[in-house]
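J.: Here's a structure for you.
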Amino acid sequence: MTLTPNDPRLLTPGPLTTSHETKEAMLHDWGSRDQAFIDTTARVRQKLLEIANATETHVCVPLQGSGTFVVEAALCTLIPRDGKALILINGAYGKRMTKILDYVNRAYIIQETLEDTPPDIAALEAALKADSAITHVLIIHCETTSGILNPIREVADVVKAHGRSFIIDAMSAFGAVPLDASEVHFDAMMASSNKCLEGVPGIGFAIIREETLKTCEGNAHSLSLDLYDQWVAMEATAQWRFTPPIHVIVAFDKAIEQFEAEGGVAARGARYGENCRILIDGMAELGFETLLSHNLQAPIIVTFKMPADPAFDFQVFYDRVKNAGYVLYPGKLTVAPSFRIGCIGHLGNDDIRAALKVMQGILKDMGVSNGAPAEAT
Ligand SMILES: *Cc1c(COP(=O)(O)O)cnc(C)c1O
């Protein structure tokens with residue numbers, strides 16, 4: 001790992017710790033209409049398609065902004081104004097999709113399960129059978145709220161069998177958890193520069209089935225979020241419609257180069273998986289329990305139940321861990337009081353071990369002898 005000295009280590013779900021080379025790539029200026037930058041954009045788009053094994057079927061449309069921008073853009077570009085979505089929700093990002101569809105005035109229904117519970121496939125199948133008005137099914141691959149890995153393949157098979165369009169928010173998992181377009185049938189998936197691909201924040205991208213995108217002219221309610229228009233313009237000129245976040249894209253190109261050198265999805269997934277295992281085992285030694293059982297846990301971010309020990313105060317713990325150089329992530333869950341620790345970003349197994357050691361010392365100082373949560377009632 002090539003860490004920048006004295007920067008905090010981000011144990012969050014993104015933006016993440018990036019390598020020194022990735023940050024260094026930004027120390028220049030480029031013309032946005034110059035060939036060097038045009039080539040960089042083309043290379044990034046092509047590599048992203050390759051990561052999804054989608055070069056034959058899909059196109060990559062990048063968009064300025066945080067991840068939510070491209071989620072909103074994809075939903076309003078793909079779902080026609082008379083369409084109807086079924087959203088599978090088990091956390092905050094699924095809920096955010098309802099908010100987006102409220103803003104853009106698309107009809108939807110939801111199927112919601114608790115944050116520690118995968119979607120109900122039988123209920124999905126029943127809804128698709130019962131309601132022929134449903135045109136699109138939306139899901140989150142790894143719901144970052146809890147860290148749960150949703151069963152994307154099973155859901156895709158059901159959606160395909162019923163002839164509906166499938167859209168995946170793969171933001172927090174893409175690049176570390178396999179998502180192969182030849183195995184999982186989807187019309188669009190969205191992710192961003194600053195999660196498992198370890199770039200800096202500033203662009204999202206959608207990988208969209210070309211045949212589908214061709215039919216999407218005029219769907220979007222917004223010029224800047226119209227991925228059809230963004231795609232057509234990019235194909236025609238190889239340039240961005242509006243000012244691109246050039247430094248972000250150049251850094252992303254550099255990050256993808258390192259991703260490939262590491263060994264792609266398999267190697268990145270293995271590093272994060274090992275980070276996750278070391279973290280969970282180390283916290284278990286201190287008495288902490290995870291919200292999710294092992295089979296539901298994605299190697300992205302881990303939710304720990306709040307300790308019952310009255311000596312534990314999360315804010316104090318957070319501040320002291322931060323002062324020691326590691327940034328944790330507060331919880332946003334409704335099922336249980338909790339906090340989260342990410343295991344992604346440009347951090348290796350030794351960084352996780354070092355963080356555990358720091359946390360162990362701080363807990364001892366705080367007089368917390370055991371991190372066990374209150375008994376479930
Ligand atoms: C990070 C993330 C997003 C995008 O969040 P932004 O803050 O807009 O970048 C969307 N969905 C999921 C599942 C995420 O983890």
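In the structure tokens, the first chain shown is A, the next is B, and so on; residue numbers restart at 1 for each chain, and ligands run from 1 in the order shown.
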Using only C-alpha atoms and all ligand atoms, which protein or nucleic acid residues are at most 6 Å from ligand 1, as a ChimeraX atom specification?
T.: /A:66-68,93,140,143-144,169,171-172
J.: Using only C-alpha atoms, determine which residues lie at most 10 Å from Leu88 (chain A), disregarding the query and same-chain residues fewer than 2 positions distant; provide the list as a list in words.
T.: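 My reading of the contact set: Ala85, Leu86, Asn90, Gly91, Gly94, Lys95, Met97, Ile109, Ile110, Gln111, Glu112, Thr113, Pro118, Pro119, Asp120, Ile121, Leu124, Val137, Leu138, Ile139, Ile140, Asn150 and Val155 of chain A.
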J.: Work out how far CA of Cys60 (chain A) is from CA of Ile203 (chain A), in Å to one decimal.
T.: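 Interatomic distance, CA of Ile203 (chain A) to CA of Cys60 (chain A): 12.4 Å.
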J.: With only C-alpha atoms as the basis for distance, which of A:Gln64, A:Thr4, A:Asn323, A:Gln258 is at the shortest distance from Gly202 (chain A)?
T.: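 Of the candidates, the smallest distance to Gly202 (chain A) is held by A:Gln64.
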J.: Could I get the residues of region 295-350 of chain A with an atom no further than 12 Å from an atom of region 177-180 of chain A, each paired with its nearest atom pair and that distance in Å to one decimal, using only C-alpha atoms, sorted by chain and residue number, as a tab-separated table?
T.:
residue	atom	partner	partner_atom	distance
A:Gln297	CA	A:Val177	CA	11.6
A:Ala298	CA	A:Val177	CA	8.1
A:Pro299	CA	A:Val177	CA	8.2
A:Ile300	CA	A:Val177	CA	9.0
A:Ile344	CA	A:Val177	CA	11.5
J.: Save out the residues we just selected, N, CA and C atoms, as a tab-separated table (two decimals), in the first residue's frame.
T.:
chain	number	residue	atom	x	y	z
A	297	GLN	N	-23.08	-11.07	5.02
A	297	GLN	CA	-22.14	-9.95	5.14
A	297	GLN	C	-21.34	-9.76	3.86
A	298	ALA	N	-21.44	-8.59	3.25
A	298	ALA	CA	-20.56	-8.25	2.13
A	298	ALA	C	-19.24	-7.73	2.69
A	299	PRO	N	-18.13	-7.95	1.99
A	299	PRO	CA	-16.82	-7.50	2.50
A	299	PRO	C	-16.58	-6.02	2.22
A	300	ILE	N	-17.53	-5.18	2.63
A	300	ILE	CA	-17.51	-3.76	2.29
A	300	ILE	C	-17.51	-2.91	3.56
A	344	ILE	N	-12.99	-1.29	3.07
A	344	ILE	CA	-12.58	-1.06	1.69
A	344	ILE	C	-11.65	0.17	1.61
J.: Which of region 113-339 of chain A counts as strand (DSSP E or B) under DSSP, as a PyMOL selection string please?
T.: chain A and resi 136-140+142-143+148-149+165-169+174+177+188-192+203-209+290+297+301-305+307+326-327+329-330+338-339
J.: If you keep N, CA and C atoms, can you produce a file of those selected residues as a compact mmCIF listing (two decimals), in the first residue's frame?
T.:
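Result written to part14.txt:
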# COMPACT_ATOMS: atom_id res chain seq x y z
N HIS A 136 -40.14 -1.97 -14.31
CA HIS A 136 -38.75 -2.01 -13.86
C HIS A 136 -38.66 -2.51 -12.41
N VAL A 137 -37.62 -3.28 -12.13
CA VAL A 137 -37.34 -3.69 -10.75
C VAL A 137 -35.99 -3.09 -10.36
N LEU A 138 -35.95 -2.46 -9.18
CA LEU A 138 -34.74 -1.77 -8.73
C LEU A 138 -34.23 -2.40 -7.44
N ILE A 139 -32.92 -2.53 -7.35
CA ILE A 139 -32.33 -3.13 -6.14
C ILE A 139 -30.97 -2.50 -5.85
N ILE A 140 -30.53 -2.65 -4.61
CA ILE A 140 -29.18 -2.24 -4.22
C ILE A 140 -28.34 -3.52 -4.09
N CYS A 142 -24.97 -4.17 -2.73
CA CYS A 142 -24.61 -4.20 -1.30
C CYS A 142 -25.27 -2.99 -0.68
N GLU A 143 -26.25 -3.21 0.20
CA GLU A 143 -26.93 -2.09 0.86
C GLU A 143 -26.00 -1.60 1.97
N ILE A 148 -25.23 -5.46 4.03
CA ILE A 148 -25.82 -6.72 3.55
C ILE A 148 -25.61 -6.88 2.05
N LEU A 149 -25.33 -8.12 1.65
CA LEU A 149 -25.16 -8.44 0.23
C LEU A 149 -26.49 -9.01 -0.28
N SER A 165 -37.50 -5.01 -16.76
CA SER A 165 -36.17 -4.41 -16.82
C SER A 165 -35.59 -4.35 -15.41
N PHE A 166 -34.29 -4.64 -15.29
CA PHE A 166 -33.66 -4.73 -13.97
C PHE A 166 -32.57 -3.67 -13.85
N ILE A 167 -32.63 -2.88 -12.78
CA ILE A 167 -31.65 -1.81 -12.55
C ILE A 167 -31.01 -2.00 -11.17
N ILE A 168 -29.69 -2.01 -11.15
CA ILE A 168 -28.95 -2.31 -9.92
C ILE A 168 -28.11 -1.11 -9.50
N ASP A 169 -28.30 -0.66 -8.27
CA ASP A 169 -27.36 0.28 -7.66
C ASP A 169 -26.23 -0.57 -7.08
N PHE A 174 -19.21 -2.55 -6.63
CA PHE A 174 -18.64 -2.75 -7.96
C PHE A 174 -17.12 -2.66 -7.93
N VAL A 177 -17.06 -7.04 -5.55
CA VAL A 177 -17.99 -8.17 -5.59
C VAL A 177 -18.32 -8.38 -7.08
N ALA A 188 -29.33 -1.87 -16.47
CA ALA A 188 -28.41 -0.82 -16.03
C ALA A 188 -27.87 -1.12 -14.65
N MET A 189 -26.62 -0.77 -14.43
CA MET A 189 -26.05 -0.75 -13.08
C MET A 189 -25.26 0.54 -12.92
N MET A 190 -25.29 1.06 -11.71
CA MET A 190 -24.63 2.33 -11.45
C MET A 190 -23.59 2.16 -10.34
N ALA A 191 -22.49 2.88 -10.49
CA ALA A 191 -21.47 2.91 -9.43
C ALA A 191 -20.72 4.24 -9.54
N SER A 192 -19.72 4.42 -8.68
CA SER A 192 -19.01 5.71 -8.71
C SER A 192 -17.51 5.51 -8.60
N ILE A 203 -17.25 11.53 -9.91
CA ILE A 203 -18.06 11.03 -11.02
C ILE A 203 -18.75 9.71 -10.65
N GLY A 204 -19.92 9.54 -11.25
CA GLY A 204 -20.61 8.26 -11.23
C GLY A 204 -20.63 7.75 -12.66
N PHE A 205 -21.03 6.50 -12.81
CA PHE A 205 -21.18 5.98 -14.17
C PHE A 205 -22.27 4.93 -14.17
N ALA A 206 -22.91 4.79 -15.33
CA ALA A 206 -23.92 3.76 -15.50
C ALA A 206 -23.48 2.87 -16.64
N ILE A 207 -23.66 1.58 -16.44
CA ILE A 207 -23.39 0.60 -17.50
C ILE A 207 -24.76 0.15 -17.96
N ILE A 208 -25.09 0.52 -19.20
CA ILE A 208 -26.47 0.39 -19.66
C ILE A 208 -26.51 -0.46 -20.94
N ARG A 209 -27.48 -1.37 -21.00
CA ARG A 209 -27.65 -2.20 -22.20
C ARG A 209 -27.91 -1.27 -23.39
N THR A 290 -21.46 -8.63 15.39
CA THR A 290 -21.92 -8.03 14.14
C THR A 290 -23.44 -8.13 14.05
N GLN A 297 -23.08 -11.07 5.02
CA GLN A 297 -22.14 -9.95 5.14
C GLN A 297 -21.34 -9.76 3.86
N ILE A 301 -18.53 -3.15 4.37
CA ILE A 301 -18.64 -2.40 5.63
C ILE A 301 -19.35 -3.30 6.64
N VAL A 302 -18.90 -3.22 7.90
CA VAL A 302 -19.44 -4.12 8.92
C VAL A 302 -20.18 -3.30 9.97
N THR A 303 -21.41 -3.73 10.26
CA THR A 303 -22.19 -3.08 11.32
C THR A 303 -21.98 -3.84 12.62
N PHE A 304 -21.50 -3.12 13.64
CA PHE A 304 -21.34 -3.72 14.97
C PHE A 304 -22.43 -3.20 15.90
N LYS A 305 -22.98 -4.10 16.71
CA LYS A 305 -23.99 -3.68 17.68
C LYS A 305 -23.32 -2.84 18.76
N PRO A 307 -22.10 -1.62 22.17
CA PRO A 307 -21.84 -2.36 23.42
C PRO A 307 -22.79 -1.92 24.54
N TYR A 326 -7.64 7.02 12.60
CA TYR A 326 -8.60 6.17 11.88
C TYR A 326 -10.01 6.75 11.99
N VAL A 327 -10.68 6.86 10.84
CA VAL A 327 -12.02 7.43 10.83
C VAL A 327 -13.06 6.31 10.73
N TYR A 329 -17.32 5.05 11.19
CA TYR A 329 -18.55 5.52 10.53
C TYR A 329 -19.73 5.28 11.46
N PRO A 330 -20.46 6.33 11.80
CA PRO A 330 -21.61 6.13 12.69
C PRO A 330 -22.67 5.24 12.02
N SER A 338 -26.14 0.85 16.67
CA SER A 338 -24.96 0.24 16.07
C SER A 338 -24.01 1.31 15.55
N PHE A 339 -22.83 0.88 15.17
CA PHE A 339 -21.91 1.75 14.43
C PHE A 339 -21.24 0.88 13.38
J.: Determine the nearest neighbour of Gly282 (chain A) from the options A:Val358, A:Val184, A:Ile38, A:Cys76, counting only C-alpha atoms.
T.: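 Comparing A:Val358, A:Val184, A:Ile38, A:Cys76 against Gly282 (chain A), the winner is A:Val358.
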J.: Neighbouring residues of Glu285 (chain A) were defined as those with any atom within 10 Å, considering only C-alpha atoms; residues of the same chain fewer than 5 positions away were excluded. Please report them as a PyMOL selection string.
T.: chain A and resi 279-280+360+370-371
J.: State, in Å with one decimal place, the distance from CA of Ser369 (chain A) to CA of Asp7 (chain A).
T.: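 About the pair CA of Ser369 (chain A) and CA of Asp7 (chain A): they are 29.8 Å apart.
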